[in-house]
Structure formats: structure tokens, C-alpha cells
>>> print(open('final.tsv').read())   # TSV, C-alpha atoms and all ligand atoms
chain	number	residue	atom	x	y	z
A	955	MET	CA	-172.89	0.00	64.08
A	956	PRO	CA	-169.51	0.74	62.49
A	957	GLU	CA	-169.41	1.07	58.68
A	958	THR	CA	-168.01	-2.02	56.98
A	959	HIS	CA	-167.36	-2.97	53.38
A	960	LYS	CA	-168.38	-6.55	54.13
A	961	LYS	CA	-171.75	-8.00	53.20
A	962	ILE	CA	-173.86	-8.27	56.32
A	963	LEU	CA	-175.48	-11.49	57.49
A	964	GLY	CA	-177.07	-11.90	60.90
A	965	VAL	CA	-179.76	-13.08	63.24
A	966	ILE	CA	-182.62	-11.08	64.76
A	967	GLY	CA	-184.45	-11.90	67.97
A	968	ASP	CA	-185.58	-10.57	71.33
A	969	PRO	CA	-183.57	-11.49	73.37
A	970	ILE	CA	-180.57	-12.35	71.19
A	971	SER	CA	-177.42	-12.32	73.33
A	972	HIS	CA	-177.72	-16.10	73.96
A	973	SER	CA	-177.76	-16.95	70.24
A	974	ILE	CA	-175.06	-19.29	69.01
A	975	SER	CA	-175.77	-18.50	65.34
A	976	PRO	CA	-173.01	-15.85	65.11
A	977	ALA	CA	-170.41	-18.35	66.39
A	978	MET	CA	-171.60	-21.04	63.95
A	979	HIS	CA	-171.85	-18.82	60.88
A	980	ASN	CA	-168.65	-16.84	61.46
A	981	ALA	CA	-166.75	-20.12	61.91
A	982	ALA	CA	-168.20	-21.39	58.62
A	983	LEU	CA	-167.33	-18.14	56.80
A	984	LYS	CA	-163.77	-18.36	58.12
A	985	ALA	CA	-163.40	-22.03	57.17
A	986	LEU	CA	-164.42	-21.21	53.57
A	987	LYS	CA	-162.23	-18.07	53.54
A	988	LEU	CA	-165.32	-15.91	53.09
A	989	ASP	CA	-164.71	-13.85	56.23
A	990	ALA	CA	-163.17	-11.00	54.21
A	991	ASP	CA	-166.45	-10.74	52.24
A	992	PHE	CA	-169.13	-11.46	54.85
A	993	GLU	CA	-169.71	-10.72	58.51
A	994	TYR	CA	-172.47	-12.34	60.62
A	995	GLN	CA	-173.88	-10.24	63.46
A	996	ALA	CA	-176.53	-10.55	66.19
A	997	PHE	CA	-179.22	-7.84	66.09
A	998	HIS	CA	-181.44	-7.27	69.11
A	999	VAL	CA	-184.77	-6.32	67.49
A	1000	LYS	CA	-187.88	-5.66	69.58
A	1001	PRO	CA	-191.25	-6.56	68.01
A	1002	ARG	CA	-192.14	-2.88	67.54
A	1003	ASP	CA	-188.91	-2.37	65.53
A	1004	LEU	CA	-189.31	-5.36	63.21
A	1005	LYS	CA	-190.62	-3.46	60.17
A	1006	ASN	CA	-187.91	-0.80	60.55
A	1007	PHE	CA	-185.24	-3.49	60.65
A	1008	LEU	CA	-186.49	-5.06	57.41
A	1009	ASP	CA	-186.57	-1.64	55.75
A	1010	THR	CA	-182.93	-1.22	56.83
A	1011	MET	CA	-182.12	-4.69	55.50
A	1012	ARG	CA	-183.43	-3.62	52.07
A	1013	ASP	CA	-181.91	-0.10	52.14
A	1014	LYS	CA	-178.45	-1.17	53.29
A	1015	GLY	CA	-178.43	-4.38	51.25
A	1016	TYR	CA	-177.90	-6.86	54.11
A	1017	ALA	CA	-177.36	-10.18	52.32
A	1018	GLY	CA	-179.27	-12.52	54.62
A	1019	ILE	CA	-180.86	-12.71	58.04
A	1020	ASN	CA	-181.87	-15.56	60.33
A	1021	VAL	CA	-184.96	-15.03	62.42
A	1022	THR	CA	-185.56	-16.36	65.92
A	1023	VAL	CA	-188.09	-15.96	68.74
A	1024	PRO	CA	-190.40	-13.99	68.74
A	1025	HIS	CA	-190.33	-12.88	65.09
A	1026	LYS	CA	-190.67	-16.09	63.04
A	1027	VAL	CA	-194.39	-15.60	62.32
A	1028	ALA	CA	-194.67	-11.80	62.43
A	1029	VAL	CA	-191.86	-11.29	59.92
A	1030	MET	CA	-193.81	-12.98	57.12
A	1031	GLU	CA	-196.05	-10.00	56.38
A	1032	TYR	CA	-193.05	-7.79	55.55
A	1033	LEU	CA	-191.46	-10.14	52.99
A	1034	ASP	CA	-191.83	-10.01	49.20
A	1035	GLU	CA	-191.96	-13.77	48.79
A	1036	VAL	CA	-192.24	-16.79	51.08
A	1037	THR	CA	-191.47	-20.37	49.98
A	1038	LYS	CA	-194.29	-22.92	49.84
A	1039	PHE	CA	-192.83	-24.94	52.71
A	1040	ALA	CA	-192.38	-21.89	54.97
A	1041	LYS	CA	-196.02	-20.97	54.26
A	1042	LEU	CA	-197.06	-24.50	55.21
A	1043	ILE	CA	-195.20	-24.24	58.51
A	1044	GLY	CA	-196.43	-20.68	58.97
A	1045	ALA	CA	-193.02	-19.40	60.02
A	1046	VAL	CA	-189.82	-18.04	58.49
A	1047	ASN	CA	-186.38	-18.48	60.05
A	1048	THR	CA	-184.21	-17.41	57.10
A	1049	ILE	CA	-184.48	-14.33	54.83
A	1050	LYS	CA	-182.37	-13.84	51.72
A	1051	ASN	CA	-182.04	-10.43	50.11
A	1052	GLU	CA	-182.20	-11.09	46.36
A	1053	ASP	CA	-181.38	-7.67	44.85
A	1054	GLY	CA	-183.82	-5.88	47.14
A	1055	LYS	CA	-186.43	-8.65	47.12
A	1056	LEU	CA	-186.73	-10.26	50.56
A	1057	VAL	CA	-187.45	-13.99	50.28
A	1058	GLY	CA	-188.43	-16.02	53.36
A	1059	TYR	CA	-187.49	-19.66	53.93
A	1060	ASN	CA	-187.94	-22.17	56.75
A	1061	THR	CA	-184.95	-24.40	57.46
A	1062	ASP	CA	-186.11	-25.61	60.93
A	1063	GLY	CA	-188.14	-28.52	59.50
A	1064	PRO	CA	-185.48	-29.58	56.97
A	1065	GLY	CA	-182.84	-29.09	59.70
A	1066	PHE	CA	-184.73	-31.55	61.92
A	1067	LEU	CA	-184.91	-34.04	59.03
A	1068	GLU	CA	-181.16	-33.80	58.42
A	1069	ALA	CA	-180.53	-34.22	62.16
A	1070	ILE	CA	-182.54	-37.44	62.50
A	1071	LYS	CA	-180.98	-38.80	59.31
A	1072	HIS	CA	-177.39	-38.06	60.35
A	1073	LYS	CA	-177.57	-38.56	64.14
A	1074	LEU	CA	-180.14	-41.37	64.40
A	1075	ASN	CA	-179.91	-42.85	60.89
A	1076	PHE	CA	-183.72	-42.56	60.92
A	1077	ASP	CA	-185.92	-42.33	57.81
A	1078	PRO	CA	-189.51	-41.34	58.75
A	1079	ALA	CA	-191.17	-43.01	55.73
A	1080	GLY	CA	-193.75	-45.54	56.96
A	1081	LYS	CA	-192.84	-44.94	60.62
A	1082	SER	CA	-194.92	-44.15	63.69
A	1083	VAL	CA	-193.99	-41.06	65.72
A	1084	VAL	CA	-195.05	-39.61	69.08
A	1085	LEU	CA	-194.65	-35.83	69.09
A	1086	LEU	CA	-194.67	-34.07	72.47
A	1087	GLY	CA	-195.70	-30.42	72.06
A	1088	ALA	CA	-197.73	-28.64	69.40
A	1089	GLY	CA	-196.08	-25.20	69.39
A	1090	GLY	CA	-193.90	-23.55	66.76
A	1091	ALA	CA	-191.09	-26.12	66.74
A	1092	ALA	CA	-193.55	-29.03	66.75
A	1093	ARG	CA	-195.24	-27.56	63.67
A	1094	ALA	CA	-191.96	-27.62	61.74
A	1095	VAL	CA	-191.27	-31.18	62.94
A	1096	GLY	CA	-194.80	-32.47	62.24
A	1097	MET	CA	-194.91	-31.00	58.73
A	1098	ILE	CA	-191.50	-32.31	57.66
A	1099	LEU	CA	-192.27	-35.78	59.05
A	1100	ALA	CA	-195.59	-35.84	57.18
A	1101	GLU	CA	-193.99	-34.52	54.00
A	1102	ASN	CA	-191.52	-37.39	54.28
A	1103	GLN	CA	-194.31	-39.96	54.53
A	1104	ALA	CA	-194.43	-40.77	58.22
A	1105	ALA	CA	-197.30	-43.26	58.57
A	1106	GLN	CA	-198.66	-41.94	61.86
A	1107	ILE	CA	-198.05	-39.07	64.28
A	1108	VAL	CA	-199.51	-39.06	67.79
A	1109	ILE	CA	-199.52	-35.50	69.15
A	1110	PHE	CA	-199.57	-34.71	72.87
A	1111	ASP	CA	-199.61	-31.14	74.20
A	1112	ILE	CA	-200.95	-29.85	77.51
A	1113	ASP	CA	-202.86	-27.31	75.40
A	1114	GLU	CA	-205.43	-29.49	73.60
A	1115	GLN	CA	-206.51	-26.69	71.30
A	1116	LYS	CA	-202.97	-26.43	69.89
A	1117	THR	CA	-202.89	-30.21	69.41
A	1118	GLY	CA	-206.10	-30.05	67.38
A	1119	VAL	CA	-204.89	-27.14	65.22
A	1120	LEU	CA	-201.59	-28.88	64.36
A	1121	ALA	CA	-203.37	-32.17	63.62
A	1122	GLN	CA	-205.74	-30.39	61.26
A	1123	GLN	CA	-202.87	-28.58	59.50
A	1124	ILE	CA	-201.03	-31.87	58.93
A	1125	THR	CA	-204.01	-33.92	57.74
A	1126	SER	CA	-205.26	-31.23	55.37
A	1127	ASN	CA	-201.90	-31.30	53.55
A	1128	PHE	CA	-200.62	-34.87	53.88
A	1129	LYS	CA	-201.81	-38.49	54.04
A	1130	THR	CA	-200.16	-39.15	57.42
A	1131	LYS	CA	-202.60	-40.42	60.06
A	1132	VAL	CA	-202.69	-38.09	63.07
A	1133	ILE	CA	-203.97	-38.99	66.53
A	1134	CYS	CA	-204.58	-36.27	69.13
A	1135	LEU	CA	-204.06	-37.43	72.68
A	1136	PRO	CA	-206.10	-35.52	75.25
A	1137	SER	CA	-203.90	-33.85	77.87
A	1138	LYS	CA	-205.31	-35.97	80.71
A	1139	ASN	CA	-204.69	-39.34	79.19
A	1140	ASN	CA	-202.95	-42.48	80.29
A	1141	GLU	CA	-202.47	-43.89	76.80
A	1142	LEU	CA	-199.23	-41.98	76.23
A	1143	ALA	CA	-197.12	-44.85	77.61
A	1144	ASP	CA	-198.82	-47.33	75.23
A	1145	CYS	CA	-198.31	-44.97	72.27
A	1146	ILE	CA	-194.61	-44.61	73.13
A	1147	ALA	CA	-194.27	-48.38	73.54
A	1148	ASP	CA	-195.64	-48.83	70.00
A	1149	CYS	CA	-193.83	-46.01	68.17
A	1150	ASN	CA	-190.53	-45.85	66.28
A	1151	LEU	CA	-189.59	-42.27	67.13
A	1152	LEU	CA	-190.37	-40.07	70.14
A	1153	VAL	CA	-189.77	-36.32	69.68
A	1154	ASN	CA	-189.77	-33.75	72.47
A	1155	ALA	CA	-190.80	-30.36	71.09
A	1156	THR	CA	-191.79	-28.91	74.46
A	1157	PRO	CA	-189.40	-26.71	76.47
A	1158	ILE	CA	-189.44	-29.21	79.37
A	1159	GLY	CA	-185.90	-30.18	80.39
A	1160	MET	CA	-184.33	-26.96	79.14
A	1161	HIS	CA	-181.99	-25.01	81.45
A	1162	PRO	CA	-182.81	-23.96	84.20
A	1163	ARG	CA	-185.40	-26.80	84.35
A	1164	GLU	CA	-182.87	-29.52	83.59
A	1165	LYS	CA	-184.16	-31.78	86.40
A	1166	GLU	CA	-187.48	-32.14	84.54
A	1167	SER	CA	-188.51	-34.48	81.76
A	1168	PRO	CA	-191.66	-34.19	79.61
A	1169	LEU	CA	-192.30	-37.79	80.67
A	1170	GLY	CA	-191.88	-37.05	84.39
A	1171	ASN	CA	-190.41	-39.89	86.42
A	1172	SER	CA	-193.32	-42.16	85.76
A	1173	GLY	CA	-191.72	-44.97	83.84
A	1174	LEU	CA	-193.26	-44.10	80.49
A	1175	LEU	CA	-190.16	-45.56	78.88
A	1176	PRO	CA	-190.08	-49.23	79.86
A	1177	PRO	CA	-187.35	-51.32	78.21
A	1178	ARG	CA	-188.54	-52.61	74.81
A	1179	GLN	CA	-189.65	-56.24	74.63
A	1180	ASP	CA	-189.00	-56.35	70.87
A	1181	THR	CA	-185.35	-55.36	70.55
A	1182	THR	CA	-185.42	-55.68	66.74
A	1183	THR	CA	-187.40	-52.40	66.47
A	1184	PRO	CA	-185.54	-49.94	68.68
A	1185	LEU	CA	-187.06	-46.74	69.99
A	1186	TYR	CA	-185.40	-43.59	68.69
A	1187	VAL	CA	-185.68	-40.39	70.73
A	1188	TYR	CA	-184.95	-36.86	69.51
A	1189	ASP	CA	-185.12	-34.10	72.14
A	1190	LEU	CA	-185.21	-30.63	70.56
A	1191	VAL	CA	-183.87	-29.17	73.81
A	1192	TYR	CA	-180.09	-28.73	73.56
A	1193	VAL	CA	-179.12	-27.07	76.85
A	1194	PRO	CA	-178.08	-29.14	78.78
A	1195	LYS	CA	-176.37	-31.32	76.19
A	1196	ASP	CA	-177.74	-34.56	77.65
A	1197	THR	CA	-181.24	-33.77	78.86
A	1198	LEU	CA	-182.99	-35.83	81.51
A	1199	LEU	CA	-185.22	-37.26	78.75
A	1200	VAL	CA	-182.17	-38.38	76.76
A	1201	GLN	CA	-180.71	-40.00	79.88
A	1202	GLN	CA	-184.02	-41.75	80.68
A	1203	ALA	CA	-184.29	-42.97	77.10
A	1204	ARG	CA	-180.75	-44.35	77.01
A	1205	SER	CA	-181.34	-46.15	80.34
A	1206	ALA	CA	-184.35	-47.83	78.73
A	1207	GLY	CA	-182.22	-48.98	75.79
A	1208	ALA	CA	-183.43	-46.33	73.31
A	1209	ILE	CA	-181.16	-44.52	70.85
A	1210	ALA	CA	-181.42	-40.91	71.94
A	1211	VAL	CA	-179.91	-37.51	71.13
A	1212	SER	CA	-180.66	-33.94	72.11
A	1213	GLY	CA	-181.32	-31.02	69.78
A	1214	LEU	CA	-178.01	-29.33	68.98
A	1215	SER	CA	-177.80	-31.10	65.61
A	1216	MET	CA	-181.14	-29.61	64.48
A	1217	LEU	CA	-179.81	-26.16	65.30
A	1218	VAL	CA	-176.62	-26.88	63.38
A	1219	TYR	CA	-178.42	-28.25	60.31
A	1220	GLN	CA	-180.96	-25.42	60.16
A	1221	GLY	CA	-177.95	-23.08	60.26
A	1222	ALA	CA	-176.09	-25.08	57.61
A	1223	LEU	CA	-179.10	-24.97	55.27
A	1224	ALA	CA	-179.42	-21.20	55.85
A	1225	PHE	CA	-175.70	-20.77	55.14
A	1226	THR	CA	-176.18	-22.45	51.76
A	1227	ILE	CA	-179.17	-20.22	51.00
A	1228	PHE	CA	-177.07	-17.12	51.86
A	1229	THR	CA	-173.86	-18.07	50.06
A	1230	GLY	CA	-174.88	-20.67	47.46
A	1231	LEU	CA	-172.14	-22.96	48.85
A	1232	PRO	CA	-172.25	-26.28	50.72
A	1233	ALA	CA	-171.89	-25.53	54.43
A	1234	PRO	CA	-168.95	-26.90	56.44
A	1235	VAL	CA	-171.27	-28.73	58.84
A	1236	GLY	CA	-168.49	-30.17	61.02
A	1237	VAL	CA	-167.02	-26.70	61.58
A	1238	MET	CA	-170.45	-25.30	62.47
A	1239	GLU	CA	-171.13	-28.18	64.85
A	1240	GLN	CA	-167.81	-27.68	66.66
A	1241	ALA	CA	-168.45	-23.93	66.95
A	1242	ALA	CA	-171.94	-24.59	68.32
A	1243	GLU	CA	-170.61	-27.07	70.88
A	1244	ASN	CA	-167.95	-24.59	72.01
A	1245	ALA	CA	-170.52	-21.80	72.26
A	1246	ILE	CA	-172.90	-23.69	74.58
A	1247	LYS	CA	-170.18	-24.96	76.94
B	1	LIG	P1	-193.65	-23.23	72.12
B	1	LIG	O1	-194.16	-22.59	70.88
B	1	LIG	O2	-193.84	-22.58	73.45
B	1	LIG	O3	-194.30	-24.70	72.17
B	1	LIG	C1	-194.10	-25.61	73.21
B	1	LIG	C2	-195.42	-26.35	73.42
B	1	LIG	O4	-195.22	-27.39	74.38
B	1	LIG	C3	-196.52	-25.43	73.98
B	1	LIG	O5	-197.71	-25.67	73.26
B	1	LIG	C4	-196.63	-25.90	75.43
B	1	LIG	O6	-197.92	-25.69	75.95
B	1	LIG	C5	-196.33	-27.36	75.29
B	1	LIG	N1	-195.95	-28.01	76.54
B	1	LIG	C6	-195.32	-27.47	77.61
B	1	LIG	N2	-195.13	-28.43	78.54
B	1	LIG	C7	-195.64	-29.60	78.05
B	1	LIG	C8	-195.74	-30.94	78.55
B	1	LIG	N3	-195.27	-31.28	79.76
B	1	LIG	N4	-196.33	-31.88	77.78
B	1	LIG	C9	-196.82	-31.56	76.56
B	1	LIG	N5	-196.77	-30.30	76.05
B	1	LIG	C10	-196.18	-29.34	76.78
B	1	LIG	O7	-192.08	-23.51	72.00
B	1	LIG	P2	-191.26	-23.85	70.67
B	1	LIG	O8	-190.77	-22.61	70.06
B	1	LIG	O9	-192.09	-24.77	69.86
B	1	LIG	O10	-189.98	-24.58	71.28
B	1	LIG	C11	-190.10	-25.82	71.98
B	1	LIG	C12	-188.71	-26.28	72.41
B	1	LIG	O11	-187.95	-26.63	71.26
B	1	LIG	C13	-187.90	-25.21	73.16
B	1	LIG	O12	-187.18	-25.84	74.19
B	1	LIG	C14	-186.94	-24.69	72.10
B	1	LIG	O13	-185.72	-24.22	72.66
B	1	LIG	C15	-186.70	-25.96	71.31
B	1	LIG	N6	-186.28	-25.71	69.93
B	1	LIG	C16	-185.13	-26.28	69.51
B	1	LIG	C17	-184.71	-26.10	68.21
B	1	LIG	C18	-183.44	-26.75	67.75
B	1	LIG	O14	-182.91	-26.34	66.72
B	1	LIG	N7	-182.96	-27.76	68.44
B	1	LIG	C19	-185.47	-25.31	67.33
B	1	LIG	C20	-186.65	-24.74	67.79
B	1	LIG	C21	-187.05	-24.95	69.11
B	1	LIG	P3	-198.21	-24.28	76.73
B	1	LIG	O15	-198.04	-23.20	75.71
B	1	LIG	O16	-199.61	-24.45	77.22
B	1	LIG	O17	-197.17	-24.20	77.82
>>> encode(input="final.tsv", output="C-alpha cells")
Amino acid sequence: MPETHKKILGVIGDPISHSISPAMHNAALKALKLDADFEYQAFHVKPRDLKNFLDTMRDKGYAGINVTVPHKVAVMEYLDEVTKFAKLIGAVNTIKNEDGKLVGYNTDGPGFLEAIKHKLNFDPAGKSVVLLGAGGAARAVGMILAENQAAQIVIFDIDEQKTGVLAQQITSNFKTKVICLPSKNNELADCIADCNLLVNATPIGMHPREKESPLGNSGLLPPRQDTTTPLYVYDLVYVPKDTLLVQQARSAGAIAVSGLSMLVYQGALAFTIFTGLPAPVGVMEQAAENAIK
């Protein structure tokens, strides 16, 4: 890497070439006229090189790093401090270098919360949610919904063991009622019919499987009888922009968006952690949209 006088920000992952974080963050730095001081780069870091990279981050004084697949959990053991919420989620996606002390944060959960607030005008307090998937992203979503007083979360994952683990993690920290649906179960349609918010946190529907929906084609989204309580749908998948699930949901009269806004808000929250400044969210969103075209 060429020597630079700028403070280094970046993202690590394996692979990393697809990441749209550099486009988002560099656009934000430019918009705030910080691009003479900071530069945001993508670093391809293999799991075996993770510790070395963090040593380099300390030695060379990189200012901040975002963390993506597959390092979000593994990175935690190399940090000096991890926030309470990141510990609760069990994953770190943002590291700030505070004078040689590496502090880990998680902005995925808060990014999801901002996304449903801004894009769906949805407040989870007292609401009933169906959460498809119980992997890493679902953990961030489940925890932030419970922290924000969701009344009930129904979790459905094809891996029942993961469903049980996530349910236990939520109920041991929050008052939210959690129901685990067995993977071979025909109650999912009834649960969706009764809920306020449906979240897809599985990879189903993501390019190149854009012809698939986590609900299949089986009519699990019948039009609502009670139109005064609409169904909101948030699909974490963001490539393609309008997933099959989002299209199915809109056809059934639901208010539905896909996941680019969560990516933008987790980035915006990380930007504020790195720079101490409010992020230019609109600029980051435009850069993200351009980058996935
Ligand atoms: P993950 O850890 O692999 O978890 C996905 C979970 O969904 C797995 O437990 C998987 O089970 C389960 N699953 C697969 N097919 C299913 C189905 N038909 N019904 C129910 N459960 C099913 O993946 P992740 O990291 O959580 O990511 C999930 C998705 O969210 C990905 O598409 C990712 O790109 C997206 N994401 C978006 C954002 C954003 O900012 N918008 C952020 C993070 C993640 P098996 O392991 O048994 O297959």
C-alpha cells in the first residue's frame, strides 16, 4: 500500500471486492470536506491474517475499521474493549482506534432500527414480529427489536437449533415473548397474518437466487382483512433492489422495503463513531445505490 499522510479508515472481509462501504464512506468524507484528512479503503483479510491486521491497525494508527463476513465474531478476542450491546449481539462490525486502544461496536442492530424508523415509519414497541432466519444478522435484528420493547418475536429458521439459541439469548436479556416455530410447521402463515412486521434475515432471494422467496410461492401473504393494521415487511437482502419477497408483499398490500437502508444506516452510525460528526445519510444512500447498480 502506498504511504499516505491521511488517516486510514476501511473495511475488512474475505471476500471484500463486492463491498460498497468504500463508496459510501468516501462519498461522505468528500461531502464533509474531510477527504484531505481521511481515506477509506477495502482490505482483503483472510481469517488466518486477522490478528496481524489488527496489530498493523494499532502500529500504523488506522483510525477506524468496519468488519464484515467472516470476521465479525472472531475479531472480538483481539480488541481491548467491546461495547455492552456488541457483546449482547456477540459480533463487532465497527472498530475505533482510540489512541492505540481498539474499541469494538455493533451498528448492524441500530442500523436496522434506524432503517425501519425512516423507511417504514415503524416503532417496534408493543408490536408483534415474525423473524425469518436465526443467523448473525437475525441476532442483531432480534436483540435491537427486544431492546426496543417489541412485545413478541416469532422466530423461524430451517436450523431449529439456531432458532432455540437465539430465542434463549433474547429472553434471558429482555421481556419480549419469543416463540420458536419448528422448521416443519404450517403455522407460519397464521403467525404472519397476525404480526405487524415480517423481517427476512435469511439469504433467500439474494442474487443469484433472485427468483426465490423465503416464503416460496405458497400464498403465505394473503391480503389483510383488517386494513387498519397494515403488515410491514423488511427484507435484509438488498441485491436485487426489489426482492421477490418485497414484490410479493406489495402485491398483498403490505408496506415493504429491501435492505439497502440498513446497510446505509449501519455505515452512517459507524461514520459518526469514526469522525464524531453527524453522517450525511442522503449522500451515503446515493453512493450505495450507485454502487449496487
Ligand atoms: P447466516 O448467518 O447464514 O444466517 C442465515 C440463516 O437463515 C441461517 O441460519 C440459515 O440456515 C437460515 N435460512 C436459510 N434459508 C432459510 C429459509 N428458507 N427459512 C428459514 N431460515 C433459513 O447469514 P447472515 O449473515 O445472518 O445474513 C442473512 C442475510 O442478511 C444475507 O442475505 C445478508 O446479505 C443479509 N444482511 C444484510 C444486511 C444489511 O445491512 N441489509 C446486514 C447483514 C446481513 P442454514 O445455516 O441452515 O442455511
>>> residues_around(input="final.tsv", residues="Ala1017 (chain A)", least_positions_apart="5", cutoff="9 Å", atoms="all atoms listed in the file", output="ChimeraX atom specification")
/A:961-964,992,1011-1012,1049-1053,1228-1229
>>> write_last_selection(input="final.tsv", atoms="C-alpha atoms", output="PDB file, in the frame of the given file")
ATOM      1  CA  LYS A 961    -171.750  -8.000  53.200  1.00  0.00           C
ATOM      2  CA  ILE A 962    -173.860  -8.270  56.320  1.00  0.00           C
ATOM      3  CA  LEU A 963    -175.480 -11.490  57.490  1.00  0.00           C
ATOM      4  CA  GLY A 964    -177.070 -11.900  60.900  1.00  0.00           C
ATOM      5  CA  PHE A 992    -169.130 -11.460  54.850  1.00  0.00           C
ATOM      6  CA  MET A1011    -182.120  -4.690  55.500  1.00  0.00           C
ATOM      7  CA  ARG A1012    -183.430  -3.620  52.070  1.00  0.00           C
ATOM      8  CA  ILE A1049    -184.480 -14.330  54.830  1.00  0.00           C
ATOM      9  CA  LYS A1050    -182.370 -13.840  51.720  1.00  0.00           C
ATOM     10  CA  ASN A1051    -182.040 -10.430  50.110  1.00  0.00           C
ATOM     11  CA  GLU A1052    -182.200 -11.090  46.360  1.00  0.00           C
ATOM     12  CA  ASP A1053    -181.380  -7.670  44.850  1.00  0.00           C
ATOM     13  CA  PHE A1228    -177.070 -17.120  51.860  1.00  0.00           C
ATOM     14  CA  THR A1229    -173.860 -18.070  50.060  1.00  0.00           C
TER      15      THR A1229
END
>>> atom_distance(input="final.tsv", atom1="CA of Thr1037 (chain A)", atom2="CA of Tyr1059 (chain A)")
5.7 Å
>>> atom_distance(input="final.tsv", atom1="CA of Asn1154 (chain A)", atom2="CA of Asn1171 (chain A)")
15.3 Å
>>> closest_residue(input="final.tsv", among="A:Ala1206, A:Val1119, A:Leu1214, A:Leu1185", to="ligand LIG 1 (chain B)", atoms="only C-alpha atoms and all ligand atoms")
A:Leu1214
>>> residues_near_ligand(input="final.tsv", ligand="ligand LIG 1 (chain B)", cutoff="7 Å", atoms="only C-alpha atoms and all ligand atoms", output="list in words")
Asp1062, Leu1086, Gly1087, Ala1088, Gly1089, Gly1090, Ala1091, Ala1092, Phe1110, Asp1111, Ile1112, Asp1113, Lys1116, Ala1155, Thr1156, Pro1157, Ile1158, Met1160, Pro1168, Leu1190, Val1191, Tyr1192, Gly1213, Leu1214, Ser1215, Met1216, Leu1217 and Gln1220 of chain A
>>> closest_residue(input="final.tsv", among="A:Val1187, A:Cys1145, A:Ile1043, A:Val999", to="Ile966 (chain A)", atoms="all atoms listed in the file")
A:Val999
>>> residues_around(input="final.tsv", residues="Gln1201 (chain A)", least_positions_apart="3", cutoff="12 Å", atoms="only C-alpha atoms", output="list of chain:residue names")
A:Gly1159, A:Glu1164, A:Lys1165, A:Glu1166, A:Ser1167, A:Leu1169, A:Asn1171, A:Leu1175, A:Val1187, A:Tyr1188, A:Asp1189, A:Pro1194, A:Lys1195, A:Asp1196, A:Thr1197, A:Leu1198, A:Arg1204, A:Ser1205, A:Ala1206, A:Gly1207, A:Ala1208, A:Ile1209, A:Ala1210, A:Val1211, A:Ser1212
>>> build_atoms(input="final.tsv", residues="region 1020-1033 of chain A", atoms="N, CA, C and O atoms", output="compact mmCIF listing (two decimals), in the coordinates of the input")
# COMPACT_ATOMS: atom_id res chain seq x y z
N ASN A 1020 -181.11 -14.51 59.65
CA ASN A 1020 -181.87 -15.56 60.33
C ASN A 1020 -182.82 -14.89 61.32
O ASN A 1020 -182.55 -13.80 61.82
N VAL A 1021 -183.90 -15.60 61.59
CA VAL A 1021 -184.96 -15.03 62.42
C VAL A 1021 -185.25 -16.00 63.56
O VAL A 1021 -185.45 -17.19 63.32
N THR A 1022 -185.22 -15.49 64.80
CA THR A 1022 -185.56 -16.36 65.92
C THR A 1022 -186.67 -15.72 66.75
O THR A 1022 -187.24 -14.69 66.38
N VAL A 1023 -186.98 -16.37 67.88
CA VAL A 1023 -188.09 -15.96 68.74
C VAL A 1023 -187.96 -14.48 69.10
O VAL A 1023 -186.86 -14.05 69.43
N PRO A 1024 -188.99 -13.65 69.01
CA PRO A 1024 -190.40 -13.99 68.74
C PRO A 1024 -190.86 -13.60 67.35
O PRO A 1024 -192.06 -13.40 67.14
N HIS A 1025 -189.96 -13.52 66.37
CA HIS A 1025 -190.33 -12.88 65.09
C HIS A 1025 -190.68 -13.83 63.95
O HIS A 1025 -191.00 -13.37 62.85
N LYS A 1026 -190.59 -15.15 64.17
CA LYS A 1026 -190.67 -16.09 63.04
C LYS A 1026 -192.00 -16.01 62.28
O LYS A 1026 -192.04 -16.26 61.08
N VAL A 1027 -193.08 -15.70 62.99
CA VAL A 1027 -194.39 -15.60 62.32
C VAL A 1027 -194.62 -14.17 61.84
O VAL A 1027 -194.98 -13.93 60.68
N ALA A 1028 -194.36 -13.22 62.73
CA ALA A 1028 -194.67 -11.80 62.43
C ALA A 1028 -193.91 -11.29 61.21
O ALA A 1028 -194.40 -10.43 60.48
N VAL A 1029 -192.70 -11.82 61.00
CA VAL A 1029 -191.86 -11.29 59.92
C VAL A 1029 -192.46 -11.55 58.54
O VAL A 1029 -192.19 -10.82 57.58
N MET A 1030 -193.33 -12.55 58.44
CA MET A 1030 -193.81 -12.98 57.12
C MET A 1030 -194.53 -11.87 56.35
O MET A 1030 -194.43 -11.76 55.14
N GLU A 1031 -195.26 -11.03 57.09
CA GLU A 1031 -196.05 -10.00 56.38
C GLU A 1031 -195.19 -8.92 55.74
O GLU A 1031 -195.66 -8.16 54.90
N TYR A 1032 -193.91 -8.84 56.10
CA TYR A 1032 -193.05 -7.79 55.55
C TYR A 1032 -192.17 -8.29 54.40
O TYR A 1032 -191.34 -7.55 53.88
N LEU A 1033 -192.33 -9.57 54.02
CA LEU A 1033 -191.46 -10.14 52.99
C LEU A 1033 -192.11 -10.06 51.61
O LEU A 1033 -193.34 -9.98 51.49
